[in-house]
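Peer 1: Here you go, upload_26.txt (compact mmCIF, C-alpha atoms):
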```
# COMPACT_ATOMS: atom_id res chain seq x y z
CA THR Y 280 21.81 -17.49 -21.20
CA ALA Y 281 21.46 -14.86 -18.45
CA ILE Y 282 22.63 -13.68 -15.05
CA THR Y 283 20.23 -11.93 -12.68
CA PHE Y 284 20.12 -10.94 -9.00
CA ALA Y 285 17.38 -11.26 -6.40
CA LYS Y 286 17.82 -7.55 -5.60
CA ALA Y 287 18.52 -4.79 -8.13
CA SER Y 288 20.39 -2.86 -5.43
CA VAL Y 289 21.44 -3.44 -1.84
CA ALA Y 290 22.56 -1.40 1.13
CA VAL Y 291 25.01 -2.48 3.80
CA GLN Y 292 26.39 -0.82 6.88
CA LYS Y 293 30.11 -0.07 7.01
CA GLY Y 294 31.83 -3.09 8.54
CA LYS Y 295 28.91 -5.45 7.88
CA LYS Y 296 28.14 -8.01 5.18
CA VAL Y 297 25.25 -8.61 2.81
CA SER Y 298 24.61 -11.44 0.35
CA ASN Y 299 23.08 -10.97 -3.12
CA PRO Y 300 24.43 -13.89 -5.16
CA ALA Y 301 24.02 -14.18 -8.90
CA ILE Y 302 21.24 -16.35 -10.31
CA VAL Y 303 22.26 -18.23 -13.44
CA THR Y 304 19.78 -19.17 -16.16
CA PRO Y 305 19.04 -21.90 -17.10
CA THR Y 306 19.17 -23.81 -13.84
CA TYR Y 307 20.45 -26.89 -15.71
CA ALA Y 308 23.46 -25.08 -17.19
CA ALA Y 309 26.55 -27.31 -17.18
CA ASN Y 310 28.80 -24.55 -15.83
CA LYS Y 311 27.05 -22.17 -13.42
CA LYS Y 312 30.19 -20.54 -12.03
CA VAL Y 313 30.53 -16.76 -12.06
CA THR Y 314 33.27 -14.35 -11.06
CA TYR Y 315 32.52 -11.23 -9.03
CA LYS Y 316 34.16 -7.83 -9.20
CA SER Y 317 33.66 -4.58 -7.30
CA SER Y 318 34.08 -1.27 -9.10
CA SER Y 319 35.53 0.23 -5.90
CA THR Y 320 37.13 -2.11 -3.39
CA SER Y 321 37.75 0.82 -1.06
CA VAL Y 322 33.94 1.16 -0.73
CA ALA Y 323 32.89 -2.50 -0.90
CA THR Y 324 34.57 -5.83 -1.53
CA VAL Y 325 32.89 -8.98 -2.81
CA SER Y 326 33.83 -12.59 -2.11
CA THR Y 327 33.93 -15.47 -4.58
CA SER Y 328 30.48 -16.49 -3.32
CA GLY Y 329 28.95 -13.02 -3.78
CA VAL Y 330 29.06 -11.81 -0.17
CA VAL Y 331 29.63 -8.04 -0.06
CA THR Y 332 31.45 -6.29 2.79
CA GLY Y 333 31.01 -2.56 3.38
CA LYS Y 334 34.37 -0.80 3.72
CA LYS Y 335 33.51 2.91 3.71
CA VAL Y 336 30.47 5.10 3.08
CA GLY Y 337 29.76 5.44 -0.62
CA THR Y 338 28.51 3.45 -3.63
CA ALA Y 339 30.02 0.74 -5.78
CA THR Y 340 28.92 -1.55 -8.58
CA ILE Y 341 29.14 -5.31 -8.19
CA THR Y 342 29.43 -7.25 -11.46
CA ALA Y 343 29.02 -10.97 -11.95
CA THR Y 344 30.45 -12.52 -15.14
CA ALA Y 345 29.79 -16.04 -16.41
CA ALA Y 346 32.84 -18.31 -16.30
CA ASP Y 347 31.75 -20.48 -19.23
CA GLY Y 348 32.99 -18.14 -21.97
CA SER Y 349 29.50 -16.92 -22.93
CA LYS Y 350 30.44 -13.38 -21.82
CA LYS Y 351 27.09 -13.06 -20.01
CA LYS Y 352 27.24 -10.57 -17.14
CA ASN Y 353 25.08 -8.36 -14.96
CA SER Y 354 25.58 -5.74 -12.24
CA TYR Y 355 23.88 -4.13 -9.28
CA LYS Y 356 24.58 -1.13 -7.06
CA VAL Y 357 25.65 -1.44 -3.45
CA THR Y 358 25.37 1.51 -1.08
CA VAL Y 359 27.48 1.53 2.06
CA VAL Y 360 25.99 3.57 4.91
CA THR Y 361 27.20 4.76 8.30
CA PRO Y 362 26.93 2.07 11.00
CA ILE Y 363 23.52 2.00 12.70
CA THR Y 364 23.41 1.57 16.46
CA LYS Y 365 20.42 1.12 18.76
CA ASN Y 366 20.93 4.77 19.77
CA SER Y 367 20.97 6.17 16.20
CA ALA Y 368 17.22 6.81 16.53
CA LYS Y 369 14.35 5.83 18.78
CA PHE Y 370 13.74 2.40 17.26
CA ILE Y 371 10.34 0.84 17.94
CA ALA Y 372 9.83 -2.92 17.53
CA HIS Y 373 6.73 -3.45 15.38
CA ARG Y 374 4.41 -5.77 17.34
CA GLY Y 375 7.50 -6.80 19.28
CA LEU Y 376 10.43 -8.46 17.55
CA SER Y 377 7.85 -10.21 15.37
CA VAL Y 378 10.38 -11.55 12.86
CA GLU Y 379 11.66 -13.77 15.66
CA ALA Y 380 8.42 -14.79 17.39
CA PRO Y 381 4.66 -14.54 16.74
CA GLU Y 382 3.46 -10.92 16.73
CA ASN Y 383 2.05 -9.23 19.81
CA THR Y 384 3.10 -12.08 22.09
CA ILE Y 385 5.02 -11.63 25.31
CA LYS Y 386 7.83 -13.70 23.78
CA ALA Y 387 8.14 -11.17 20.93
CA TYR Y 388 8.38 -8.32 23.46
CA GLU Y 389 10.95 -10.15 25.58
CA LEU Y 390 13.09 -10.59 22.46
CA ALA Y 391 12.67 -6.90 21.57
CA GLY Y 392 13.72 -5.93 25.08
CA GLY Y 393 16.73 -8.21 24.94
CA ALA Y 394 17.72 -6.70 21.58
CA GLY Y 395 17.80 -3.19 23.03
CA PHE Y 396 14.86 -1.52 21.26
CA TRP Y 397 13.89 1.91 22.62
CA GLY Y 398 10.19 1.12 22.34
CA ALA Y 399 7.75 -1.64 21.45
CA GLU Y 400 4.53 -1.14 19.50
CA THR Y 401 1.38 -3.16 20.11
CA ASP Y 402 -2.27 -3.23 19.05
CA VAL Y 403 -4.97 -3.06 21.73
CA ARG Y 404 -8.57 -4.21 21.47
CA MET Y 405 -11.28 -4.75 24.07
CA THR Y 406 -12.99 -8.01 25.04
CA LYS Y 407 -16.67 -8.63 25.68
CA ASP Y 408 -16.07 -8.10 29.41
CA LYS Y 409 -14.16 -4.84 28.77
CA LYS Y 410 -10.63 -6.15 29.27
CA PHE Y 411 -7.72 -5.03 27.08
CA ILE Y 412 -5.78 -7.55 25.00
CA LEU Y 413 -3.11 -7.44 22.29
CA GLN Y 414 -4.64 -8.18 18.89
CA HIS Y 415 -4.06 -6.51 15.53
CA ASP Y 416 -6.74 -8.12 13.36
CA LEU Y 417 -10.49 -7.71 13.63
CA THR Y 418 -10.79 -11.46 14.39
CA PHE Y 419 -8.57 -14.28 15.65
CA LYS Y 420 -8.78 -16.20 12.37
CA ARG Y 421 -5.25 -15.49 11.05
CA LEU Y 422 -3.35 -16.24 14.24
CA CYS Y 423 -5.58 -18.72 16.07
CA GLY Y 424 -7.82 -20.14 13.34
CA VAL Y 425 -10.95 -18.86 15.12
CA ASP Y 426 -13.13 -16.45 13.18
CA LYS Y 427 -14.44 -14.50 16.16
CA LYS Y 428 -13.98 -10.89 17.24
CA PRO Y 429 -12.47 -9.97 20.62
CA GLU Y 430 -15.60 -8.01 21.54
CA ASP Y 431 -17.67 -11.21 21.13
CA MET Y 432 -15.52 -13.21 23.57
CA THR Y 433 -14.61 -12.87 27.23
CA LEU Y 434 -10.99 -12.65 28.36
CA SER Y 435 -11.25 -16.14 29.83
CA GLU Y 436 -12.45 -17.55 26.49
CA ILE Y 437 -9.73 -15.71 24.57
CA GLN Y 438 -6.96 -16.98 26.83
CA LYS Y 439 -7.99 -20.54 26.04
CA LEU Y 440 -7.15 -19.92 22.37
CA THR Y 441 -3.81 -21.08 20.96
CA ILE Y 442 -1.77 -18.99 18.55
CA LYS Y 443 -0.98 -21.33 15.66
CA SER Y 444 0.77 -19.08 13.15
CA GLY Y 445 3.48 -16.47 13.13
CA ASN Y 446 7.22 -16.34 12.70
CA ASN Y 447 9.09 -19.26 14.31
CA ILE Y 448 5.82 -20.75 15.59
CA SER Y 449 7.27 -24.26 15.19
CA LYS Y 450 10.17 -23.26 17.46
CA TYR Y 451 7.88 -21.83 20.11
CA LYS Y 452 4.81 -24.05 19.73
CA ASN Y 453 5.19 -25.34 23.30
CA VAL Y 454 6.06 -21.95 24.82
CA LYS Y 455 3.08 -20.36 26.53
CA SER Y 456 4.37 -16.79 26.16
CA ALA Y 457 4.48 -17.26 22.36
CA THR Y 458 1.16 -19.06 21.90
CA THR Y 459 -1.22 -17.22 24.25
CA VAL Y 460 -3.06 -13.99 23.43
CA ALA Y 461 -1.46 -11.46 25.77
CA THR Y 462 -3.16 -8.94 28.02
CA LEU Y 463 -2.28 -5.27 28.17
CA GLU Y 464 -1.07 -5.76 31.75
CA ASP Y 465 1.41 -8.47 30.70
CA TYR Y 466 2.71 -6.30 27.86
CA LEU Y 467 3.18 -3.23 30.05
CA THR Y 468 4.93 -5.26 32.73
CA THR Y 469 7.30 -6.71 30.12
CA CYS Y 470 8.08 -3.27 28.68
CA LYS Y 471 8.76 -1.95 32.16
CA LYS Y 472 11.06 -4.89 32.93
CA TYR Y 473 13.19 -4.19 29.84
CA ASN Y 474 12.96 -0.40 30.14
CA MET Y 475 11.17 -0.16 26.76
CA VAL Y 476 8.65 2.55 26.00
CA PRO Y 477 5.18 1.06 25.37
CA VAL Y 478 3.68 2.33 22.10
CA ILE Y 479 -0.01 1.42 22.34
CA GLU Y 480 -2.01 1.55 19.13
CA ILE Y 481 -5.68 1.91 19.98
CA LYS Y 482 -7.46 -0.33 17.46
CA MET Y 483 -10.67 1.39 18.43
CA GLU Y 484 -12.51 4.41 17.09
CA TYR Y 485 -14.08 7.01 19.31
CA GLY Y 486 -17.86 6.95 19.02
CA ASN Y 487 -20.85 5.15 20.42
CA GLU Y 488 -22.14 1.94 18.84
CA THR Y 489 -20.69 2.04 15.33
CA THR Y 490 -17.47 3.03 13.57
CA ASN Y 491 -16.62 4.56 10.21
CA ASP Y 492 -13.69 2.17 9.81
CA SER Y 493 -14.76 -1.49 9.66
CA ARG Y 494 -11.32 -2.55 10.96
CA MET Y 495 -11.93 -0.84 14.29
CA GLN Y 496 -14.01 -1.36 17.41
CA ALA Y 497 -16.22 1.39 18.77
CA VAL Y 498 -14.88 2.97 21.95
CA THR Y 499 -16.43 5.42 24.40
CA LYS Y 500 -14.72 8.00 26.60
CA ASN Y 501 -15.21 5.68 29.59
CA ASN Y 502 -13.30 2.92 27.78
CA MET Y 503 -10.48 5.34 26.98
CA GLU Y 504 -10.37 6.46 30.61
CA ASP Y 505 -10.06 2.82 31.65
CA LEU Y 506 -7.25 2.28 29.13
CA TYR Y 507 -5.37 5.30 30.44
CA ALA Y 508 -5.96 4.36 34.09
CA LEU Y 509 -4.62 0.83 33.66
CA THR Y 510 -1.58 2.01 31.71
CA ASN Y 511 -0.84 4.76 34.20
CA GLN Y 512 -1.25 2.39 37.13
CA ILE Y 513 1.50 0.12 35.80
CA MET Y 514 3.81 2.65 34.12
CA GLY Y 515 3.53 5.53 36.59
CA ASN Y 516 5.98 8.27 35.61
CA LYS Y 517 7.75 6.14 33.00
CA GLU Y 518 7.32 7.17 29.38
CA TYR Y 519 4.56 5.63 27.25
CA MET Y 520 2.60 6.50 24.11
CA PHE Y 521 -0.92 6.13 22.75
CA ILE Y 522 -1.33 6.11 18.96
CA ALA Y 523 -4.35 5.67 16.66
CA TYR Y 524 -5.49 6.00 13.05
CA ASP Y 525 -8.64 7.83 14.08
CA PHE Y 526 -7.69 11.45 14.77
CA GLU Y 527 -10.77 12.05 16.90
CA THR Y 528 -9.67 9.19 19.15
CA MET Y 529 -6.41 11.02 19.78
CA VAL Y 530 -8.25 14.29 20.44
CA GLN Y 531 -10.45 12.53 22.98
CA MET Y 532 -7.44 10.84 24.62
CA ARG Y 533 -5.88 14.30 24.99
CA LYS Y 534 -9.05 15.32 26.86
CA VAL Y 535 -8.75 12.24 29.08
CA LEU Y 536 -5.17 13.17 29.90
CA ASP Y 537 -6.12 16.78 30.58
CA ASP Y 538 -9.05 15.67 32.78
CA ASN Y 539 -6.58 13.66 34.83
CA ALA Y 540 -4.19 16.61 35.04
CA THR Y 541 -1.64 14.68 33.00
CA THR Y 542 0.46 17.44 31.53
CA SER Y 543 3.83 15.77 32.05
CA THR Y 544 5.92 14.80 29.05
CA ASN Y 545 5.97 11.09 29.94
CA VAL Y 546 2.69 10.48 28.05
CA LYS Y 547 2.76 11.16 24.30
CA LEU Y 548 0.06 10.93 21.62
CA GLN Y 549 0.58 10.17 17.93
CA HIS Y 550 -1.75 10.22 14.95
CA VAL Y 551 -1.10 7.26 12.64
CA THR Y 552 -1.76 8.14 9.01
CA ASN Y 553 -1.20 7.17 5.40
CA ASN Y 554 -1.77 10.79 4.36
CA PRO Y 555 0.46 13.26 6.22
CA ASP Y 556 -1.02 16.73 5.74
CA GLN Y 557 1.15 19.79 6.32
CA GLY Y 558 -2.07 21.74 6.85
CA MET Y 559 -2.50 19.85 10.14
CA ILE Y 560 0.81 20.95 11.65
CA ASN Y 561 -0.61 23.73 13.83
CA TYR Y 562 -3.56 21.55 14.80
CA TYR Y 563 -1.20 18.76 15.92
CA LYS Y 564 1.00 21.19 17.82
CA LYS Y 565 -1.93 22.83 19.60
CA ARG Y 566 -3.19 19.46 20.87
CA LYS Y 567 0.28 18.06 21.59
CA ILE Y 568 -0.16 15.27 19.05
CA GLU Y 569 2.79 13.90 17.08
CA LEU Y 570 2.86 12.45 13.55
CA ASP Y 571 3.29 8.72 12.87
CA ALA Y 572 3.32 8.30 9.08
CA ASN Y 573 3.57 5.47 6.58
CA CYS Y 574 7.16 5.75 5.30
CA ASP Y 575 5.96 5.08 1.74
CA LYS Y 576 3.53 8.00 1.86
CA ILE Y 577 5.71 10.81 3.19
CA SER Y 578 8.28 12.97 1.42
CA LEU Y 579 11.46 14.46 2.81
CA SER Y 580 9.87 17.90 2.45
CA ASP Y 581 6.95 16.70 4.60
CA ILE Y 582 9.35 15.50 7.27
CA LYS Y 583 11.16 18.84 7.27
CA ALA Y 584 7.90 20.82 7.40
CA PHE Y 585 6.55 18.91 10.40
CA LYS Y 586 9.84 19.09 12.27
CA ASP Y 587 10.27 22.79 11.48
CA GLY Y 588 6.72 23.27 12.74
CA GLY Y 589 7.59 21.74 16.10
CA VAL Y 590 5.89 18.36 15.55
CA ASN Y 591 7.85 15.16 16.23
CA VAL Y 592 7.83 12.63 13.38
CA GLY Y 593 7.64 8.84 13.53
CA LEU Y 594 7.72 6.57 10.48
CA TRP Y 595 6.50 3.01 9.93
CA THR Y 596 7.35 0.32 8.92
CA VAL Y 597 10.97 0.80 7.82
CA ASP Y 598 12.98 -2.37 7.11
CA ASP Y 599 15.44 -1.10 4.49
CA THR Y 600 18.97 -0.24 5.64
CA GLU Y 601 19.46 2.65 3.21
CA ARG Y 602 16.13 4.25 4.09
CA VAL Y 603 16.85 3.97 7.79
CA ALA Y 604 20.19 5.70 7.25
CA ASP Y 605 18.45 8.46 5.26
CA TYR Y 606 15.82 8.98 7.98
CA ILE Y 607 18.49 9.11 10.66
CA ALA Y 608 20.20 11.84 8.63
CA GLN Y 609 16.86 13.68 8.44
CA LYS Y 610 16.64 13.42 12.25
CA VAL Y 611 13.36 11.51 12.22
CA ASP Y 612 12.34 11.07 15.86
CA TYR Y 613 10.98 7.51 15.82
CA ILE Y 614 11.47 4.57 13.44
CA THR Y 615 9.12 1.60 13.72
CA THR Y 616 10.64 -1.54 12.24
CA ASN Y 617 10.53 -5.32 12.06
CA THR Y 618 14.32 -5.42 11.81
CA LYS Y 619 17.20 -5.23 14.29
CA PHE Y 620 19.83 -3.15 12.44
CA TRP Y 621 22.63 -3.24 15.01
```
As structure tokens, what does this structure read like?

Peer 2:
Amino acid sequence: TAITFAKASVAVQKGKKVSNPAIVTPTYAANKKVTYKSSSTSVATVSTSGVVTGKKVGTATITATAADGSKKKNSYKVTVVTPITKNSAKFIAHRGLSVEAPENTIKAYELAGGAGFWGAETDVRMTKDKKFILQHDLTFKRLCGVDKKPEDMTLSEIQKLTIKSGNNISKYKNVKSATTVATLEDYLTTCKKYNMVPVIEIKMEYGNETTNDSRMQAVTKNNMEDLYALTNQIMGNKEYMFIAYDFETMVQMRKVLDDNATTSTNVKLQHVTNNPDQGMINYYKKRKIELDANCDKISLSDIKAFKDGGVNVGLWTVDDTERVADYIAQKVDYITTNTKFW
């Protein structure tokens, strides 16, 4: 009665394959066979099982036709893009290679390093005894099944927790590096080992006792100085980045860097935002703060304006092949992703 596809359109790199097989309705049909045809075999070919191979940059239409004589058919567009290499942009592994191992674990960062990522993003929070750990959420409930905040537990207590969820957790359930909440020191050492740039998201908001954002911890200037000192101690002159949603946190981190006479280009700051504002370009540039924007909330004209204004642009979280190719063409500086494209 009908032919549909899981995806209305797909993108594939030249020389690579992608699968988007036809779905036949009803599932109990006696003859569920279909034939596939490409509108341009010089751009993309399609196998009898629906696997598409990119031949040259361009677009083609893939059509599936029912073989039972019903004349039912459907089509989708395939876009073939230029091959993407690890050097096509500064690719940043989102919470490590977290599609392959639980997020923010040392195992995820080892996999990202082995895959050749330029950088690796993490989320940093502070424990009750003022130690820095990797943890995205406000509590450990999602990953460890414990509904407690890092700031209410000591590092020793946290390291007794077991990560019980995350990608491939069954594969790594007996691997300590994939089931233990990691410290900032372990993360930095791993990044250094694999020559990856640490991208440290400060899940804390500059203030005193309270925050405006309930997802964040409160952080003082002393805490930020400690965060910088520890990172600098391990990384030295190697490149690393601090990023945060709270703009004031980035402004204060700039002051910490200036107080420590850190004017070298190895330490970068980025403001993470869902609302890129061209009116902030000069403000960013003056304080040497880069833009790290939600890819769904930024336009190509925004990207051009920031870059023309002398502000580097990073985008998150980009997992679509066609969009990555577009951003590479726009010379976006950093692309944070869950996906290894090469």

Peer 1: Can you pull out the residues contacting Leu536 in chain Y? Cut-off 12 Å, using all atoms listed in the file, and skip same-chain residues under 3 positions away; I want them as a PDB file with C-alpha atoms, keeping the file's coordinate frame.

Peer 2:
```
ATOM      1  CA  LYS Y 500     -14.720   8.000  26.600  1.00  0.00           C
ATOM      2  CA  MET Y 503     -10.480   5.340  26.980  1.00  0.00           C
ATOM      3  CA  GLU Y 504     -10.370   6.460  30.610  1.00  0.00           C
ATOM      4  CA  ASP Y 505     -10.060   2.820  31.650  1.00  0.00           C
ATOM      5  CA  LEU Y 506      -7.250   2.280  29.130  1.00  0.00           C
ATOM      6  CA  TYR Y 507      -5.370   5.300  30.440  1.00  0.00           C
ATOM      7  CA  ALA Y 508      -5.960   4.360  34.090  1.00  0.00           C
ATOM      8  CA  THR Y 510      -1.580   2.010  31.710  1.00  0.00           C
ATOM      9  CA  ASN Y 511      -0.840   4.760  34.200  1.00  0.00           C
ATOM     10  CA  MET Y 520       2.600   6.500  24.110  1.00  0.00           C
ATOM     11  CA  PHE Y 521      -0.920   6.130  22.750  1.00  0.00           C
ATOM     12  CA  MET Y 529      -6.410  11.020  19.780  1.00  0.00           C
ATOM     13  CA  VAL Y 530      -8.250  14.290  20.440  1.00  0.00           C
ATOM     14  CA  GLN Y 531     -10.450  12.530  22.980  1.00  0.00           C
ATOM     15  CA  MET Y 532      -7.440  10.840  24.620  1.00  0.00           C
ATOM     16  CA  ARG Y 533      -5.880  14.300  24.990  1.00  0.00           C
ATOM     17  CA  ASN Y 539      -6.580  13.660  34.830  1.00  0.00           C
ATOM     18  CA  ALA Y 540      -4.190  16.610  35.040  1.00  0.00           C
ATOM     19  CA  THR Y 541      -1.640  14.680  33.000  1.00  0.00           C
ATOM     20  CA  THR Y 542       0.460  17.440  31.530  1.00  0.00           C
ATOM     21  CA  SER Y 543       3.830  15.770  32.050  1.00  0.00           C
ATOM     22  CA  THR Y 544       5.920  14.800  29.050  1.00  0.00           C
ATOM     23  CA  ASN Y 545       5.970  11.090  29.940  1.00  0.00           C
ATOM     24  CA  VAL Y 546       2.690  10.480  28.050  1.00  0.00           C
ATOM     25  CA  LYS Y 547       2.760  11.160  24.300  1.00  0.00           C
ATOM     26  CA  LEU Y 548       0.060  10.930  21.620  1.00  0.00           C
ATOM     27  CA  ARG Y 566      -3.190  19.460  20.870  1.00  0.00           C
ATOM     28  CA  LYS Y 567       0.280  18.060  21.590  1.00  0.00           C
TER      29      LYS Y 567
END
```

Peer 1: Compile the contact shell of Arg494 in chain Y as an NGL selection string: residues with an atom at most 12 Å away, counting all atoms listed in the file, same-chain residues fewer than 2 positions apart removed.

Peer 2: :Y and (404 or 414-418 or 428 or 481-484 or 489-492 or 496-497 or 524-525)

Peer 1: So that I can see what lies close to Leu509 in chain Y, please list as a ChimeraX atom specification the residues with an atom at most 10 Å from it, counting only C-alpha atoms and leaving out residues fewer than 4 positions away in the same chain.

Peer 2: /Y:411,463-464,467,503-505,513-515

Peer 1: Excluding Ala323 in chain Y and residues on its chain fewer than 6 positions from it, collect all residues at most 6 Å away from it, counting all atoms listed in the file, and give them as a compact mmCIF listing (two decimals) with C-alpha atoms, in the coordinates of the input.

Peer 2:
```txt
# COMPACT_ATOMS: atom_id res chain seq x y z
CA THR Y 332 31.45 -6.29 2.79
CA GLY Y 333 31.01 -2.56 3.38
CA LYS Y 334 34.37 -0.80 3.72
```

Peer 1: With only C-alpha atoms as the counted atoms, please give the residues lying no more than 12 Å from Lys352 in chain Y, apart from itself and same-chain residues fewer than 4 positions off, as an MDAnalysis selection string.

Peer 2: chainID Y and resid 280:284 301:304 312:316 341:348

Peer 1: State, in Å with one decimal place, the distance from CA of His550 in chain Y to CA of Glu389 in chain Y.

Peer 2: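 Taking CA of His550 in chain Y as the start and CA of Glu389 in chain Y as the end point, the length is 26.3 Å.
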
Peer 1: Have a look at Y:Asn447, Y:Thr528, Y:Thr384, Y:Asn501 and name the one nearest to Ala461 in chain Y; count all atoms listed in the file.

Peer 2: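 Once distances to Ala461 in chain Y are computed over all atoms listed in the file, the minimum belongs to Y:Thr384.
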
Peer 1: For each of Y:Val454, Y:Ala285, Y:Val476, Y:Val360, take the minimum atom-to-atom distance to Val336 in chain Y, counting all atoms listed in the file, then give the residue where this is smallest.

Peer 2: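 The shortest atom-to-atom distance to Val336 in chain Y comes from Y:Val360.
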
Peer 1: So, with all atoms listed in the file as the atoms that count, which of Y:Asn516, Y:Asn554, Y:Asn617, Y:Thr358 lies closest to Tyr388 in chain Y?

Peer 2: Y:Asn617

Peer 1: CA of Ala608 in chain Y and CA of Thr596 in chain Y, how far apart in Å?

Peer 2: 17.3 Å

Peer 1: Find, counting only C-alpha atoms, the residue in Y:Ser354, Y:Ser288, Y:Ser435, Y:Gln557 that gets nearest to Ser317 in chain Y.

Peer 2: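 Of the candidates, the smallest distance to Ser317 in chain Y is held by Y:Ser354.
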
Peer 1: Please determine, counting only C-alpha atoms, which residue among Y:Asn561, Y:Ser319, Y:Thr462, Y:Asn573 has the shortest atom-to-atom distance to Phe585 in chain Y.

Peer 2: Y:Asn561

Peer 1: Output as AutoDock Vina command-line options the centre and edge lengths (Å, one decimal) of the box along x, y and z of the file that holds every listed atom of range 466-479 of chain Y after adding 4 Å on each side.

Peer 2:
```
--center_x 6.6 --center_y -2.1 --center_z 27.5 --size_x 21.2 --size_y 17.3 --size_z 18.8
```

Peer 1: Just the number, please: distance in Å from CA of Ile479 in chain Y to CA of Tyr519 in chain Y, one decimal.

Peer 2: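 Straight-line distance from CA of Ile479 in chain Y to CA of Tyr519 in chain Y works out to 7.9 Å.
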
Peer 1: Select, from Y:Thr327, Y:Gln609, Y:Thr552, Y:Thr600, the residue with the minimum atom-to-atom distance to Lys583 in chain Y, counting all atoms listed in the file.

Peer 2: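 Closest candidate: Y:Gln609.
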
Peer 1: Would you save range 411-422 of chain Y to a file, keeping C-alpha atoms, as a PDB file, in the first residue's frame?

Peer 2:
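What landed in part.pdb:
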```
ATOM      1  CA  PHE Y 411      37.139  19.225  40.118  1.00  0.00           C
ATOM      2  CA  ILE Y 412      35.368  16.318  38.436  1.00  0.00           C
ATOM      3  CA  LEU Y 413      33.783  15.608  35.049  1.00  0.00           C
ATOM      4  CA  GLN Y 414      29.996  15.723  35.307  1.00  0.00           C
ATOM      5  CA  HIS Y 415      27.430  17.287  32.988  1.00  0.00           C
ATOM      6  CA  ASP Y 416      24.210  16.938  34.987  1.00  0.00           C
ATOM      7  CA  LEU Y 417      23.293  18.691  38.209  1.00  0.00           C
ATOM      8  CA  THR Y 418      23.137  15.280  39.958  1.00  0.00           C
ATOM      9  CA  PHE Y 419      24.468  11.756  39.427  1.00  0.00           C
ATOM     10  CA  LYS Y 420      20.991  10.283  38.957  1.00  0.00           C
ATOM     11  CA  ARG Y 421      21.097   9.714  35.171  1.00  0.00           C
ATOM     12  CA  LEU Y 422      24.517   8.095  34.994  1.00  0.00           C
TER      13      LEU Y 422
END
```
